[in-house]
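S.K.: This is the structure I have questions about; it appears just below.
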Number of protein chains: 2
Amino acid sequence: MNLEEVARRAGVSTATVSRVLNGIDVVRTATKERVLRAAADLEYHPNLHARTLAGGKSRTIGMIASNIENPFFLDIYMALEDSAHARGYEVVIANTGYDSHQLARCVSLMIGRRVAGLAVVVSEMDQSLISQLKRAGIPAVFYDVGPVEDRLFNIRVDYRHGIQAVVAHLHSLGHRRFAFAGHHSSLGPTSERESAFVDAVQACSPAATHFSVLATDSLDGGRRAASDILSSGFSPTAIVCVNDFMAAGVLRELNRRGIRVPADISVTGFDNIQLSEYLTPPLTTVHIPRARIGKLALEILVQTLPRPESPPVETVIEPELLIRESTGRA
Amino acid sequence: MNLEEVARRAGVSTATVSRVLNGIDVVRTATKERVLRAAADLEYHPNLHARTLAGGKSRTIGMIASNIENPFFLDIYMALEDSAHARGYEVVIANTGYDSHQLARCVSLMIGRRVAGLAVVVSEMDQSLISQLKRAGIPAVFYDVGPVEDRLFNIRVDYRHGIQAVVAHLHSLGHRRFAFAGHHSSLGPTSERESAFVDAVQACSPAATHFSVLATDSLDGGRRAASDILSSGFSPTAIVCVNDFMAAGVLRELNRRGIRVPADISVTGFDNIQLSEYLTPPLTTVHIPRARIGKLALEILVQTLPRPESPPVETVIEPELLIRESTGRA
DNA sequence: TTGAAAGCGCTACCAG
DNA sequence: CTGGTAGCGCTTTCAA
């Protein structure tokens with residue numbers, strides 16, 4: 001089922017069918033209707049690959065995420081997709097699972113698909129991948145905490161600042177023994193996020209002590225992290241989690257052991273995913289506007305398309321502490 | 001950057017480059033290496049659209065889901081993708097948000113992409129869409145609870161049976177006043193799932209009463225459903241939720257109002273998503289093997305490819321009651 | 001307002 | 001073992 005068959009049935013040329021289907025409004029109304037009829041009768045669906053190839057431009061945007069299982073990424077994806085649809089684009093997503101090898105494959109895939117733009121939402125990014133993207137002429141937006149370098153566009157959140165707010169809040173509540181539950185972002189040797197935590201604790205008070213533990217970015221990872229912290233000998237009065245997703249697991253493990261939150265131990269998250277409000281107790285966390293990020297990413301990408309020579313841009317988003325019920329006096 | 005440039009740089013024809021890149025192992029090793037070098041030097045990424053167009057076959061599988069925000073769908077997607085990668089396929093996903101209009105657009109999109117196979121995981125399916133898929137020659141697997149009709153392949157779960165087990169469990173615990181928290185699956189006028197619930201209650205005991213409420217398939221929808229049930233005047237001793245995702249919201253609302261679970265009200269979910277184990281209290285639910293479903297869907301799809309004339313197949317999966325801590329004596 | 005035809009980048013077939 | 005070349009289905013000039 002192709003253009004030619006439709007053309008034949010409508011008694012016109014393929015060029016005319018193409019014009020009608022693409023809304024090039026120069027076709028006589030009668031002809032147009034004939035074409036539309038034929039296409040409908042034949043249940044014709046244009047071959048998108050041929051379209052992209054012939055037109056030289058794609059109508060799809062790519063997104064690469066570290067872990068779509070974590071609602072944080074999913075929320076960005078959904079916002080991105082919404083905005084994309086509003087502008088007539090489709091979006092395809094790919095997951096790296098925090099694996100750099102996988103990341104490289106995802107980038108290759110997106111280049112192979114000749115996406116019109118790419119949103120990269122992963123913790124770390126290889127320099128070579130960035131240059132590949134550039135050379136392929138694909139506009140890209142990066143959301144992460146890594147160094148800026150010469151990425152094309154950046155949306156950054158001041159993670160450091162967010163963690164400082166968390167630790168300060170905890171400190172003001174009298175906490176002095178802090179544990180950190182992070183996840184391996186196998187892409188960077190030392191986690192930027194963990195060091196932000198360590199610095200924040202040390203900045204608060206010289207007397208404060210801390211202890212970190214790493215697990216996978218999952219509910220189960222959170223549980224395991226809590227378990228490791230509890231059996232380490234270091235007995236914290238507060239557990240700072242790298243994100244809400246893991247915090248949910250931490251809460252569960254604490255609950256399982258009969259440890260009350262926040263009476264015995266305070267717990268904090270990061271991201272303010274919807275789930276954080278549905279946990280028991282609702283999580284004190286830091287709000288990151290995922291919807292805004294997704295929308296912004298798309299706007300940057302499609303805005304860019306016309307003028308590929310615009311200068312690198314950086315947008316920084318200020319996180320915001322949200323105090324709920326998982327934190328209390330030490 | 002295209003085949004021709006690589007060919008020129010390697011001093012061979014495009015045909016040879018194509019052969020090397022596709023692993024057609026008839027090229028002399030020296031030539032092959034020369035080609036590989038050239039491709040690497042040029043950071044060449046084959047145009048996937050051209051590949052698909054020329055080859056006449058796509059290496060990507062599509063999946064359409066009702067609501068990827070609900071981990072149930074995401075889990076199927078991830079399992080599907082895993083199996084797909086293992087077989088050298090990519091997968092693209094599309095979301096309908098339970099909207100039939102959106103469903104139609106998704107199907108169109110997938111046909112336009114000429115996917116090699118399609119997994120349709122939505123509650124209801126228009127007959128015309130099915131025939132479109134057939135006429136387009138796209139193998140499809142359906143996972144749902146609707147009628148079988150002439151779908152190409154079906155993976156079904158005996159939802160009715162699962163709900164019966166839930167209600168029977170509750171009934172044995174002494175419950176007689178059942179509420180049902182469902183979601184609009186705007187595609188079907190009367191929800192098959194709700195009627196399964198009603199039938200189950202009536203089958204248990206003539207004295208049992210029931211009451212249903214509908215909301216969106218989300219955490220917030222669950223909360224709203226609980227709220228509606230509680231303010232309806234009907235005061236249930238047990239709330240049966242259409243799935244775990246909504247049950248999480250129900251639990252939250254109950255907790256907010258100081259209603260203890262299961263002491264005051266018992267709550268049940270469905271699906272056994274990982275989250276169900278992380279709620280307070282852990283949810284009594286019905287296990288649906290998402291990983292198996294995703295894997296199975298892919299196997300059916302790729303298995304089918306060779307022999308498109310195989311007969312319609314139906315696989316039915318038996319759900320399994322999982323008793324945790326959200327249910328107790330009435 | 002419409003048609004003819006030249007590609008888009010790649011695969012696959014036919015020769016050599 | 002390698003090259004030439006005819007498409008795949010569509011968009012887009014260029015003419016008419």
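Identifiers in this document derive from the order of the structure tokens: chains are assigned A, B, ..., residues are numbered from 1 separately in each chain, and ligands are numbered from 1 in order of occurrence.
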Please list as a PyMOL selection string every residue within 8 Å of segment 24-37 of chain B, counting only C-alpha atoms (C1' of nucleotides) and excluding residues in the same chain fewer than 6 positions away.
M.R.: (chain B and resi 6-7+10+12+16-17) or (chain D and resi 1)
S.K.: Would you pick out the contacts of segment 2-15 of chain C at 10 Å or less, using only C-alpha atoms (C1' of nucleotides), so that residues sharing its chain but fewer than 6 positions from it are not included, and give the list as a PyMOL selection string?
M.R.: (chain A and resi 12-16+26-28+50-56) or (chain B and resi 1-4+14-15+18-19+22+46-56) or (chain D and resi 3-8+10-16)
S.K.: Which residues, written as a ChimeraX atom specification, have at least one atom at most 7 Å from His175 of chain B, with only C-alpha atoms (C1' of nucleotides) counted and residues fewer than 6 positions away on the same chain left out?
M.R.: /B:237-238,330
S.K.: Any idea what's packed within 9 Å of Thr216 of chain A, counting only C-alpha atoms (C1' of nucleotides), ignoring anything in its chain fewer than 2 positions away? Could you give it as a list in words?
M.R.: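 The residues that qualify are Gly182, His183, His184, Ser185, Leu214, Ser218, Leu219, Asp220, Gly221, Gly222, Arg224, Ala225 and Met246 of chain A.
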S.K.: Can you write just those residues out, C-alpha atoms, as an mmCIF file, in the first residue's frame?
M.R.:
```cif
data_model
loop_
_atom_site.group_PDB
_atom_site.id
_atom_site.type_symbol
_atom_site.label_atom_id
_atom_site.label_comp_id
_atom_site.auth_asym_id
_atom_site.auth_seq_id
_atom_site.Cartn_x
_atom_site.Cartn_y
_atom_site.Cartn_z
ATOM 1 C CA GLY A 182 22.996 6.872 47.119
ATOM 2 C CA HIS A 183 23.044 4.874 43.935
ATOM 3 C CA HIS A 184 25.858 3.899 41.645
ATOM 4 C CA SER A 185 25.926 6.145 38.695
ATOM 5 C CA LEU A 214 25.461 2.806 47.689
ATOM 6 C CA SER A 218 15.213 1.138 42.897
ATOM 7 C CA LEU A 219 12.819 0.423 45.699
ATOM 8 C CA ASP A 220 14.790 -2.658 46.484
ATOM 9 C CA GLY A 221 18.036 -0.727 46.380
ATOM 10 C CA GLY A 222 16.618 1.663 48.948
ATOM 11 C CA ARG A 224 19.171 -2.679 50.862
ATOM 12 C CA ALA A 225 20.811 0.669 51.525
ATOM 13 C CA MET A 246 15.202 4.992 46.992
#
```
S.K.: As a ChimeraX atom specification, which residues of segment 26-223 of chain A does DSSP assign to alpha helix (DSSP H)?
M.R.: /A:29-41,48-55,71-86,100-112,127-135,159-172,192-204,219-223
S.K.: Kindly determine which residues of chain A lie within 8 Å of chain B, considering only C-alpha atoms, and give the answer as a list in words.
M.R.: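 Written out as asked, the residues are Glu43, His45, Pro46, Asn47, Leu48, His49, Ala50, Thr52, Leu53, Glu69, Pro71, Leu74, Val92, Ile93, Ser108, Ile111, Gly112, Arg113, Arg114, Gln132, Leu219, Ala248, Gly249, Arg252, Gln274, Leu275, Tyr278, Leu279 and Thr280 of chain A.
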S.K.: Where does DSSP see strand (DSSP E) in segment 73-223 of chain B, if you list the residues as a ChimeraX atom specification?
M.R.: /B:90-95,117-121,140-144,153-157,177-183,209-215
S.K.: Go ahead and compute the interatomic distance for atom CA of Gly62 of chain A and atom CA of Tyr98 of chain B, in Å to one decimal.
M.R.: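 Between atom CA of Gly62 of chain A and atom CA of Tyr98 of chain B the gap is 23.7 Å.
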S.K.: Tell me which protein, DNA and RNA residues are within 7 Å of Glu314 of chain A, counting only C-alpha atoms (C1' of nucleotides), leaving out same-chain ones fewer than 5 positions away, and put them as a count of residues only.
M.R.: 3
S.K.: Mind pulling up the distance from atom CA of Ala165 of chain B to atom CA of Ser205 of chain B?
M.R.: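 Going from atom CA of Ser205 of chain B over to atom CA of Ala165 of chain B, I get 14.0 Å.
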S.K.: If you measure from atom CA of Ala297 of chain A to atom CA of Val141 of chain A, what distance in Å do you get, rounded to one decimal?
M.R.: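 One can read the atom CA of Ala297 of chain A to atom CA of Val141 of chain A distance as 6.2 Å.
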S.K.: Can you pull out every residue within 10 Å of Arg176 of chain B, counting only C-alpha atoms (C1' of nucleotides), but drop anything in the same chain fewer than 2 positions away, and send it as a PyMOL selection string?
M.R.: chain B and resi 167+170-174+178-179+201+204-210+236-238+330
